[in-house]
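Pasting protein-v7.txt here (compact mmCIF, C-alpha atoms):
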```txt
# COMPACT_ATOMS: atom_id res chain seq x y z
CA PRO A 1162 64.34 64.26 36.21
CA PRO A 1163 64.03 61.69 33.42
CA LEU A 1164 61.31 59.08 33.62
CA ARG A 1165 62.49 55.62 34.60
CA PHE A 1166 60.49 52.77 33.11
CA GLY A 1167 59.95 49.26 34.42
CA ALA A 1168 57.20 46.69 34.76
CA CYS A 1169 53.53 47.63 34.28
CA PRO A 1170 50.52 46.63 36.38
CA ASP A 1171 49.15 43.19 35.53
CA SER A 1172 45.95 44.79 34.23
CA LEU A 1173 47.72 46.23 31.18
CA PRO A 1174 47.59 44.16 27.99
CA ASN A 1175 50.82 43.31 26.22
CA PRO A 1176 51.46 44.34 22.62
CA PRO A 1177 52.50 41.61 20.17
CA ALA A 1178 56.13 40.51 20.52
CA PRO A 1179 58.78 41.77 20.05
CA GLU A 1180 57.23 45.08 21.11
CA HIS A 1181 57.00 45.82 24.81
CA VAL A 1182 55.06 48.19 27.07
CA ALA A 1183 56.88 49.71 30.02
CA CYS A 1184 55.58 51.93 32.83
CA GLY A 1185 56.91 54.65 35.05
CA ARG A 1186 55.77 57.28 37.54
CA LEU A 1187 56.32 61.03 37.38
CA ARG A 1188 56.18 63.24 40.47
CA VAL A 1189 54.34 66.51 39.81
CA PRO A 1190 52.97 69.33 41.99
CA LEU A 1191 49.39 68.96 43.15
CA ASN A 1192 49.02 72.64 42.28
CA TRP A 1193 51.32 73.85 39.51
CA ASN A 1194 50.80 77.43 40.69
CA HIS A 1195 52.54 76.46 43.95
CA PRO A 1196 55.17 73.95 42.87
CA ARG A 1197 56.81 73.74 46.30
CA GLY A 1198 53.62 72.42 47.87
CA PRO A 1199 52.30 68.82 48.02
CA HIS A 1200 53.05 66.49 45.11
CA ILE A 1201 51.29 63.55 43.48
CA GLU A 1202 52.48 60.85 41.07
CA VAL A 1203 51.24 60.42 37.50
CA ALA A 1204 51.43 56.93 35.95
CA VAL A 1205 52.89 56.77 32.42
CA SER A 1206 53.20 53.93 29.88
CA ARG A 1207 55.34 53.73 26.76
CA ILE A 1208 55.72 51.54 23.69
CA ARG A 1209 58.76 52.55 21.73
CA ALA A 1210 58.67 53.22 18.00
CA SER A 1211 59.30 50.02 16.09
CA GLY A 1212 61.14 51.62 13.14
CA SER A 1213 64.72 52.65 12.64
CA ARG A 1214 66.30 55.66 14.33
CA GLY A 1215 66.00 57.57 11.07
CA GLU A 1216 62.23 56.97 10.96
CA ARG A 1217 61.61 58.20 14.50
CA ARG A 1218 59.61 61.44 14.80
CA GLY A 1219 59.17 61.74 18.58
CA ILE A 1220 56.42 60.92 21.05
CA LEU A 1221 52.67 60.57 20.57
CA LEU A 1222 50.62 61.08 23.75
CA VAL A 1223 47.18 59.47 23.62
CA ASN A 1224 44.05 59.98 25.72
CA PRO A 1225 40.76 57.98 25.49
CA GLY A 1226 38.36 60.59 26.86
CA GLY A 1227 36.16 61.01 29.90
CA PRO A 1228 36.91 63.01 31.94
CA GLY A 1229 37.87 60.00 34.00
CA GLY A 1230 39.12 57.63 31.31
CA SER A 1231 42.26 55.68 32.18
CA GLY A 1232 44.93 56.09 29.51
CA LEU A 1233 47.65 53.78 30.81
CA SER A 1234 46.51 50.75 28.78
CA TYR A 1235 45.25 52.98 25.94
CA ALA A 1236 48.82 53.22 24.69
CA VAL A 1237 48.58 49.51 23.86
CA THR A 1238 45.01 49.29 22.56
CA LYS A 1239 45.05 52.50 20.52
CA ARG A 1240 48.51 51.86 19.11
CA ALA A 1241 47.31 48.52 17.74
CA LYS A 1242 44.81 50.43 15.55
CA LEU A 1243 47.28 53.01 14.23
CA PRO A 1244 48.91 52.70 10.79
CA GLN A 1245 52.22 50.89 10.72
CA SER A 1246 53.95 54.08 9.58
CA VAL A 1247 52.84 55.80 12.82
CA ARG A 1248 53.87 52.84 14.98
CA ARG A 1249 57.30 52.87 13.38
CA ALA A 1250 57.77 56.64 13.80
CA TYR A 1251 56.43 57.42 17.29
CA ASP A 1252 56.88 56.26 20.85
CA VAL A 1253 53.24 55.93 21.93
CA ILE A 1254 52.76 57.32 25.43
CA GLY A 1255 49.76 56.61 27.60
CA PHE A 1256 49.06 58.11 31.00
CA ASP A 1257 46.40 58.16 33.67
CA PRO A 1258 45.38 61.79 34.16
CA ARG A 1259 45.58 63.03 37.74
CA GLY A 1260 42.73 61.62 39.82
CA VAL A 1261 42.32 58.61 37.52
CA GLY A 1262 43.44 54.99 37.72
CA GLN A 1263 47.03 54.79 38.97
CA SER A 1264 47.50 58.59 39.27
CA ALA A 1265 46.34 59.65 42.75
CA PRO A 1266 42.86 58.18 42.11
CA VAL A 1267 39.98 60.20 43.52
CA ASN A 1268 37.24 58.53 45.54
CA CYS A 1269 33.82 60.08 46.16
CA GLY A 1270 32.51 57.22 48.31
CA ARG A 1271 28.76 56.66 48.00
CA MET A 1272 28.39 59.68 45.70
CA GLY A 1273 24.93 60.52 46.92
CA GLY A 1274 23.59 57.03 46.30
CA LEU A 1275 24.68 56.87 42.64
CA PHE A 1276 25.70 53.22 43.04
CA THR A 1277 22.51 52.11 44.77
CA SER A 1278 20.83 49.33 42.79
CA PRO A 1279 18.21 49.77 41.50
CA GLY A 1280 18.75 53.50 41.29
CA THR A 1281 16.12 56.21 41.56
CA ASN A 1282 14.42 57.24 38.32
CA PRO A 1283 16.93 59.74 36.85
CA VAL A 1284 14.19 61.81 35.16
CA PRO A 1285 12.37 63.71 37.93
CA VAL A 1286 8.69 64.43 37.30
CA GLY A 1287 6.81 66.60 39.78
CA ARG A 1288 7.96 68.73 42.70
CA PRO A 1289 8.73 65.94 45.21
CA ALA A 1290 10.86 64.10 42.64
CA GLU A 1291 12.63 67.32 41.64
CA LYS A 1292 13.40 68.11 45.28
CA ASN A 1293 14.83 64.61 45.75
CA TYR A 1294 16.85 65.04 42.55
CA LEU A 1295 18.49 68.22 43.86
CA THR A 1296 19.09 66.58 47.23
CA SER A 1297 20.92 63.71 45.53
CA LEU A 1298 23.16 66.24 43.74
CA ARG A 1299 23.94 67.95 47.06
CA ASN A 1300 24.74 64.61 48.69
CA MET A 1301 26.98 63.70 45.78
CA ALA A 1302 28.89 66.97 46.08
CA ASP A 1303 29.26 66.44 49.83
CA ASP A 1304 30.58 62.92 49.32
CA CYS A 1305 33.16 64.18 46.81
CA ALA A 1306 34.26 66.96 49.16
CA ALA A 1307 34.76 64.39 51.92
CA GLY A 1308 36.55 61.89 49.65
CA ALA A 1309 38.71 64.20 47.53
CA GLY A 1310 39.81 66.55 50.30
CA GLU A 1311 42.54 69.00 49.31
CA THR A 1312 42.76 67.63 45.78
CA LEU A 1313 39.21 68.78 44.92
CA SER A 1314 40.15 72.01 43.16
CA HIS A 1315 43.36 70.72 41.56
CA LEU A 1316 42.10 67.86 39.38
CA SER A 1317 41.36 70.19 36.49
CA THR A 1318 42.02 70.00 32.77
CA GLU A 1319 44.45 72.91 33.05
CA GLN A 1320 46.54 71.14 35.71
CA THR A 1321 46.49 67.91 33.66
CA ALA A 1322 47.73 69.83 30.59
CA ARG A 1323 50.71 70.97 32.66
CA ASP A 1324 51.30 67.34 33.70
CA MET A 1325 51.42 66.48 29.99
CA ASP A 1326 54.18 69.00 29.44
CA ALA A 1327 56.05 67.58 32.42
CA ILE A 1328 55.85 64.15 30.75
CA ARG A 1329 57.29 65.67 27.59
CA ALA A 1330 60.16 67.24 29.52
CA ALA A 1331 60.88 64.05 31.49
CA LEU A 1332 61.14 62.15 28.19
CA GLY A 1333 63.61 64.71 26.86
CA GLU A 1334 61.43 65.75 23.92
CA ARG A 1335 61.12 69.25 22.45
CA ARG A 1336 57.55 68.72 21.25
CA THR A 1337 54.53 66.59 22.04
CA SER A 1338 52.34 65.07 19.35
CA PHE A 1339 48.92 64.11 20.62
CA LEU A 1340 45.86 62.01 19.78
CA GLY A 1341 42.75 62.57 21.92
CA VAL A 1342 39.21 61.24 21.63
CA SER A 1343 36.10 62.96 23.05
CA TYR A 1344 37.27 64.66 26.28
CA GLY A 1345 40.77 63.94 25.01
CA SER A 1346 40.11 66.53 22.31
CA TYR A 1347 39.32 69.11 25.00
CA LEU A 1348 42.47 68.14 26.87
CA GLY A 1349 44.55 68.44 23.68
CA ALA A 1350 43.07 71.86 22.93
CA ALA A 1351 43.88 73.02 26.47
CA TYR A 1352 47.46 71.81 26.05
CA ALA A 1353 47.83 73.59 22.71
CA ALA A 1354 46.40 76.81 24.18
CA ARG A 1355 48.90 76.80 27.03
CA PHE A 1356 51.95 75.37 25.23
CA PRO A 1357 51.54 76.26 21.53
CA HIS A 1358 55.33 76.17 21.01
CA ARG A 1359 55.43 72.57 22.29
CA VAL A 1360 52.80 71.10 19.96
CA GLY A 1361 53.85 68.73 17.20
CA ARG A 1362 51.15 66.94 15.24
CA MET A 1363 47.72 66.73 16.80
CA VAL A 1364 44.58 64.68 16.12
CA LEU A 1365 41.39 65.69 17.96
CA ASP A 1366 38.68 63.08 17.38
CA SER A 1367 34.96 63.43 18.31
CA VAL A 1368 35.55 66.98 19.42
CA VAL A 1369 34.13 68.40 22.64
CA GLY A 1370 33.12 72.02 22.00
CA PRO A 1371 34.53 74.97 23.96
CA TRP A 1372 31.50 75.46 26.23
CA ASN A 1373 31.50 75.18 29.98
CA TRP A 1374 30.74 71.64 31.08
CA TYR A 1375 27.15 72.15 32.17
CA ASP A 1376 26.22 73.80 28.87
CA PHE A 1377 27.93 70.94 27.05
CA ASP A 1378 25.95 68.37 29.04
CA VAL A 1379 22.65 70.10 28.18
CA ILE A 1380 23.53 70.23 24.48
CA GLN A 1381 24.51 66.55 24.59
CA SER A 1382 21.25 65.53 26.33
CA ARG A 1383 19.26 67.07 23.48
CA ALA A 1384 21.51 65.59 20.82
CA LEU A 1385 20.81 62.20 22.41
CA LEU A 1386 17.13 62.64 21.58
CA ARG A 1387 17.95 63.06 17.89
CA GLN A 1388 20.34 60.12 18.02
CA ARG A 1389 17.73 57.94 19.68
CA ASP A 1390 15.22 58.81 16.94
CA THR A 1391 17.82 57.73 14.39
CA PHE A 1392 18.23 54.49 16.34
CA PHE A 1393 14.46 53.88 16.22
CA THR A 1394 14.46 54.41 12.45
CA TRP A 1395 17.41 52.02 12.09
CA THR A 1396 15.77 49.25 14.13
CA ALA A 1397 12.58 49.63 12.09
CA ALA A 1398 14.61 49.10 8.92
CA HIS A 1399 15.73 45.77 10.44
CA ALA A 1400 12.36 44.75 11.85
CA GLU A 1401 12.77 41.06 10.94
CA ARG A 1402 15.98 40.87 12.95
CA PHE A 1403 15.00 42.85 16.03
CA GLY A 1404 11.22 42.52 16.17
CA LEU A 1405 10.65 46.01 17.57
CA GLY A 1406 8.20 47.06 14.85
CA GLY A 1407 8.34 48.17 11.26
CA SER A 1408 8.28 51.92 11.91
CA ALA A 1409 10.21 54.34 14.08
CA ALA A 1410 7.03 55.03 16.06
CA ALA A 1411 6.56 51.30 16.75
CA ALA A 1412 10.18 50.94 17.84
CA ARG A 1413 9.74 53.89 20.18
CA ARG A 1414 6.65 52.29 21.72
CA ALA A 1415 8.60 49.09 22.30
CA TYR A 1416 11.41 51.08 23.92
CA LEU A 1417 8.97 52.87 26.24
CA ARG A 1418 7.29 49.58 27.21
CA VAL A 1419 10.64 48.29 28.40
CA ARG A 1420 11.51 51.45 30.33
CA HIS A 1421 8.08 51.91 31.91
CA GLY A 1422 8.01 48.25 32.90
CA LEU A 1423 11.42 48.47 34.57
CA THR A 1424 10.32 51.66 36.34
CA ARG A 1425 7.29 49.91 37.83
CA HIS A 1426 9.05 46.60 38.51
CA PRO A 1427 12.88 46.56 38.48
CA VAL A 1428 14.35 43.14 37.75
CA ASP A 1429 17.29 41.92 39.83
CA GLY A 1430 18.47 45.43 40.62
CA PHE A 1431 17.94 46.69 37.06
CA GLY A 1432 15.54 49.64 36.93
CA PRO A 1433 15.15 52.95 35.08
CA ALA A 1434 18.53 54.39 36.12
CA GLU A 1435 20.35 51.26 34.96
CA PHE A 1436 18.30 51.20 31.76
CA ASP A 1437 19.11 54.83 30.92
CA ARG A 1438 22.81 54.22 31.52
CA ALA A 1439 22.72 51.31 29.08
CA VAL A 1440 20.93 53.46 26.48
CA TYR A 1441 23.35 56.35 26.98
CA ARG A 1442 26.35 54.07 26.50
CA ALA A 1443 24.90 52.46 23.37
CA LEU A 1444 23.70 55.58 21.58
CA GLY A 1445 27.17 57.08 21.43
CA ARG A 1446 28.62 54.23 19.34
CA THR A 1447 26.69 52.85 16.38
CA GLU A 1448 28.47 49.49 16.69
CA ARG A 1449 26.57 49.07 19.99
CA TRP A 1450 23.14 49.65 18.49
CA ALA A 1451 22.54 46.01 17.59
CA GLY A 1452 23.23 44.96 21.18
CA LEU A 1453 20.79 47.55 22.50
CA ALA A 1454 18.08 46.49 20.04
CA GLU A 1455 18.58 42.82 20.89
CA GLY A 1456 18.47 43.63 24.60
CA LEU A 1457 15.14 45.44 24.15
CA ARG A 1458 13.75 42.53 22.13
CA ASP A 1459 14.88 39.91 24.65
CA HIS A 1460 13.38 41.83 27.56
CA LEU A 1461 10.04 42.15 25.77
CA ASN A 1462 10.05 38.44 24.91
CA ALA A 1463 11.52 36.91 28.06
CA GLY A 1464 11.16 39.59 30.75
CA HIS A 1465 14.84 39.71 31.71
CA PRO A 1466 17.26 42.62 31.15
CA ASP A 1467 20.43 40.54 30.83
CA GLY A 1468 21.08 41.75 27.29
CA LEU A 1469 21.02 45.34 28.52
CA ARG A 1470 23.41 44.88 31.44
CA PRO A 1471 27.00 46.09 31.00
CA THR A 1472 29.72 43.47 31.15
CA ALA A 1473 31.44 45.30 34.04
CA ALA A 1474 29.49 46.09 37.20
CA PHE A 1475 28.61 49.76 37.59
CA ASP A 1476 29.83 49.74 41.19
CA SER A 1477 33.23 48.20 40.37
CA PRO A 1478 36.33 50.07 41.64
CA ASP A 1479 37.21 51.28 38.12
CA SER A 1480 33.69 52.54 37.51
CA ARG A 1481 33.57 54.28 40.89
CA ASN A 1482 36.81 56.06 40.11
CA TYR A 1483 35.59 57.05 36.64
CA GLU A 1484 32.32 58.54 37.93
CA ALA A 1485 34.15 60.42 40.70
CA ALA A 1486 36.90 61.77 38.44
CA ASN A 1487 34.40 62.80 35.80
CA ARG A 1488 32.55 65.09 38.19
CA VAL A 1489 35.63 66.36 40.02
CA VAL A 1490 37.27 67.41 36.73
CA LYS A 1491 34.13 69.03 35.34
CA CYS A 1492 33.51 70.98 38.53
CA ALA A 1493 37.17 72.07 38.73
CA ASP A 1494 37.03 73.33 35.14
CA SER A 1495 34.00 75.58 34.88
CA PRO A 1496 31.31 77.57 36.72
CA ALA A 1497 28.32 75.84 38.26
CA PRO A 1498 24.66 76.22 37.27
CA ALA A 1499 22.09 77.44 39.78
CA PRO A 1500 19.60 74.81 41.04
CA HIS A 1501 16.66 76.59 39.40
CA ARG A 1502 18.44 76.48 36.04
CA ILE A 1503 18.95 72.72 36.32
CA LEU A 1504 15.23 72.18 36.81
CA ALA A 1505 14.34 74.68 34.06
CA ASP A 1506 16.59 72.86 31.60
CA ILE A 1507 15.03 69.52 32.52
CA HIS A 1508 11.60 71.03 31.89
CA ARG A 1509 12.72 72.31 28.48
CA THR A 1510 14.19 68.95 27.55
CA ARG A 1511 11.01 67.14 28.63
CA ARG A 1512 9.00 69.47 26.40
CA LEU A 1513 11.13 68.23 23.50
CA ASP A 1514 10.52 64.63 24.59
CA PRO A 1515 8.70 63.54 27.76
CA GLN A 1516 11.11 60.63 28.23
CA PRO A 1517 14.64 62.01 27.74
CA VAL A 1518 17.98 60.43 28.66
CA LEU A 1519 19.58 62.62 31.32
CA THR A 1520 22.51 60.30 31.97
CA GLY A 1521 25.59 62.32 31.13
CA MET A 1522 24.41 65.44 32.97
CA GLU A 1523 27.30 65.05 35.42
CA ALA A 1524 28.06 68.76 35.72
CA SER A 1525 24.71 69.31 37.44
CA THR A 1526 26.51 68.17 40.60
CA CYS A 1527 28.67 71.30 40.42
CA THR A 1528 25.78 73.44 41.63
CA TYR A 1529 26.57 72.29 45.19
CA TRP A 1530 30.34 72.01 44.78
CA ARG A 1531 32.58 73.33 47.56
CA HIS A 1532 35.10 74.87 45.14
CA LYS A 1533 33.62 77.03 42.38
CA PRO A 1534 36.09 78.28 39.74
CA ALA A 1535 35.36 81.73 38.43
CA HIS A 1536 36.09 80.79 34.83
CA ARG A 1537 36.15 77.66 32.72
CA THR A 1538 39.40 76.15 31.53
CA PRO A 1539 40.67 78.53 28.81
CA LEU A 1540 40.95 77.14 25.29
```
Could you spell out this file's structure in structure tokens?
Amino acid sequence: PPLRFGACPDSLPNPPAPEHVACGRLRVPLNWNHPRGPHIEVAVSRIRASGSRGERRGILLVNPGGPGGSGLSYAVTKRAKLPQSVRRAYDVIGFDPRGVGQSAPVNCGRMGGLFTSPGTNPVPVGRPAEKNYLTSLRNMADDCAAGAGETLSHLSTEQTARDMDAIRAALGERRTSFLGVSYGSYLGAAYAARFPHRVGRMVLDSVVGPWNWYDFDVIQSRALLRQRDTFFTWTAAHAERFGLGGSAAAARRAYLRVRHGLTRHPVDGFGPAEFDRAVYRALGRTERWAGLAEGLRDHLNAGHPDGLRPTAAFDSPDSRNYEAANRVVKCADSPAPAPHRILADIHRTRRLDPQPVLTGMEASTCTYWRHKPAHRTPL
């Protein structure tokens, strides 16, 4: 049936007048392979093309990444950055993928203590720490099994791609154009692989490679080391501004002083796990590097980590949903690593750098997952 649009949640921003964002809900099968079984609802937003009927070229679905990123408001924020010619030609369609935001949101509860503050050092060193690390992964998997229930194996990229085609059909369109960033590129590729005859124009930005999720996470963790070295070189080039030293080696020493100090003495719930999350978030976007460098400087000078704290609390409802959906999707998509491989990969990464950033290794949880797909999502 066609989508019916009305008012949006208060959390969505409004585009500049006279344009308007409207929202609707689409009922889809929990498992597309058994369409007569249980159903869920997917939340959809739309901003109509602002041009004339003759300029209109269809719909443009957008996705911000993740897995776990909410796309309902992304229709508004991303559209504002698109060229006027695109805004005039396309209805921009946002949606919360299944398990995310307003679309049957998944909840993994305590997630093995992930939201404890300060968190345990995320880089295990020595056998007792490694054993505790694996135990935390098992507890996280158990919490997700208890919280997600029957949805656990159905919040996959493949099922979400089929939801996307249902959105297209409910809007009465023959084709779907798509813009996806990071995980959104993986989602777009999965859609194109399954529905090649339904694809219009497609933009895949910051592409996620076609590996299984655990392999991708390992590759990313090592790329972070190179990116962090680039960050150290950049801060050294701006030594007068940031005061972290005039060489990359000096900047690295300053960085390690902050981390080691927070490991020994967390400040107001901010310890090594919180520090690594802040670094992980900043390294992926160069426009965040100045904030990270200033946060390091201020902590060295004043002893407080306020400049490193995120603006939104890590244990907020939105963050809890993101972290849960991220792992549920990854573990529904691809095979799990064995526990001994997880530890072996950490050892290899620590040989590259004794102080790596392992934040982002979410697919490690899949080693204890209740549902283990035989194959990754086909692309």
request  = Skip range 1174-1179 of chain A itself and residues of its chain fewer than 5 positions away, then list as a PyMOL selection string all residues within 12 Å of it, counting only C-alpha atoms.
outcome  = chain A and resi 1168-1169+1184+1206-1211+1233-1242+1248+1253
key: 12 Å contact set for Asp1378 in chain A, only C-alpha atoms, chain neighbours under 4 positions out, as a ChimeraX atom specification   = /A:1369-1374,1382-1385,1488,1491,1498,1503,1506-1507,1510,1518-1526
request  = Determine, counting only C-alpha atoms, which protein, DNA and RNA residues have an atom within 7 Å of an atom of range 1315-1332 of chain A; residues of the same chain fewer than 2 positions away are not included. Present the result as a ChimeraX atom specification.
outcome  = /A:1162-1164,1189,1191-1193,1258-1260,1312-1313,1334,1337,1348,1351-1352,1489-1490,1493-1494,1538
request  = Show which residues sit within 9 Å of Gly1227 in chain A, as an MDAnalysis selection string. Count all atoms listed in the file, and ignore same-chain residues fewer than 4 positions away.
outcome  = chainID A and resid 1231 1342:1345 1483 1486:1487
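We find CA of Asn1282 in chain A and CA of Thr1424 in chain A to be spaced 7.2 Å apart.
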Close residues, Gly1270 in chain A itself excluded, 10 Å, only C-alpha atoms, min 3 positions apart in chain, as a short mmCIF file (atom, residue, chain, number, x, y, z; two decimals) with C-alpha atoms, in the coordinates of the input:
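After the write, around08.cif holds the following:
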```cif
data_model
loop_
_atom_site.label_atom_id
_atom_site.label_comp_id
_atom_site.auth_asym_id
_atom_site.auth_seq_id
_atom_site.Cartn_x
_atom_site.Cartn_y
_atom_site.Cartn_z
CA VAL A 1267 39.98 60.20 43.52
CA GLY A 1273 24.93 60.52 46.92
CA GLY A 1274 23.59 57.03 46.30
CA LEU A 1275 24.68 56.87 42.64
CA PHE A 1276 25.70 53.22 43.04
CA MET A 1301 26.98 63.70 45.78
CA ASP A 1303 29.26 66.44 49.83
CA ASP A 1304 30.58 62.92 49.32
CA CYS A 1305 33.16 64.18 46.81
CA ALA A 1306 34.26 66.96 49.16
CA ALA A 1307 34.76 64.39 51.92
CA GLY A 1308 36.55 61.89 49.65
CA ALA A 1309 38.71 64.20 47.53
CA ARG A 1481 33.57 54.28 40.89
CA ASN A 1482 36.81 56.06 40.11
CA ALA A 1485 34.15 60.42 40.70
#
```
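For the pair CA of Val1364 in chain A and CA of Phe1256 in chain A, the interatomic distance is 16.9 Å.
Minimum distance to Leu1453 in chain A across A:Ala1497, A:Ala1434, A:Leu1187, A:Leu1405 (counting only C-alpha atoms) occurs at A:Leu1405.
Minimum atom-to-atom distance to Gly1456 in chain A, evaluated using only C-alpha atoms, belongs to A:Pro1471 out of A:Pro1471, A:Pro1478, A:Gly1226, A:Pro1170.
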inquiry  = One decimal, in Å: what's the spacing between CA of Gly1219 in chain A and CA of Ala1250 in chain A?
reply    = 7.1 Å
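For the residues A:Cys1269, A:Ala1290, A:Ser1480, A:His1195, ranking by smallest atom-to-atom distance to Gly1230 in chain A using all atoms listed in the file places A:Ser1480 first.
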Around range 1425-1430 of chain A, with edges along x, y and z and 5 Å added on all six sides, what centre and edge lengths do you get, in Å to one decimal, as AutoDock Vina command-line options?
```
--center_x 12.9 --center_y 45.9 --center_z 39.2 --size_x 21.2 --size_y 18.0 --size_z 12.9
```
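Between Gly1432 in chain A and the candidates A:Ala1410, A:Leu1222, A:Leu1469, A:Ala1454, the tightest atom-to-atom separation, counting all atoms listed in the file, involves A:Leu1469.
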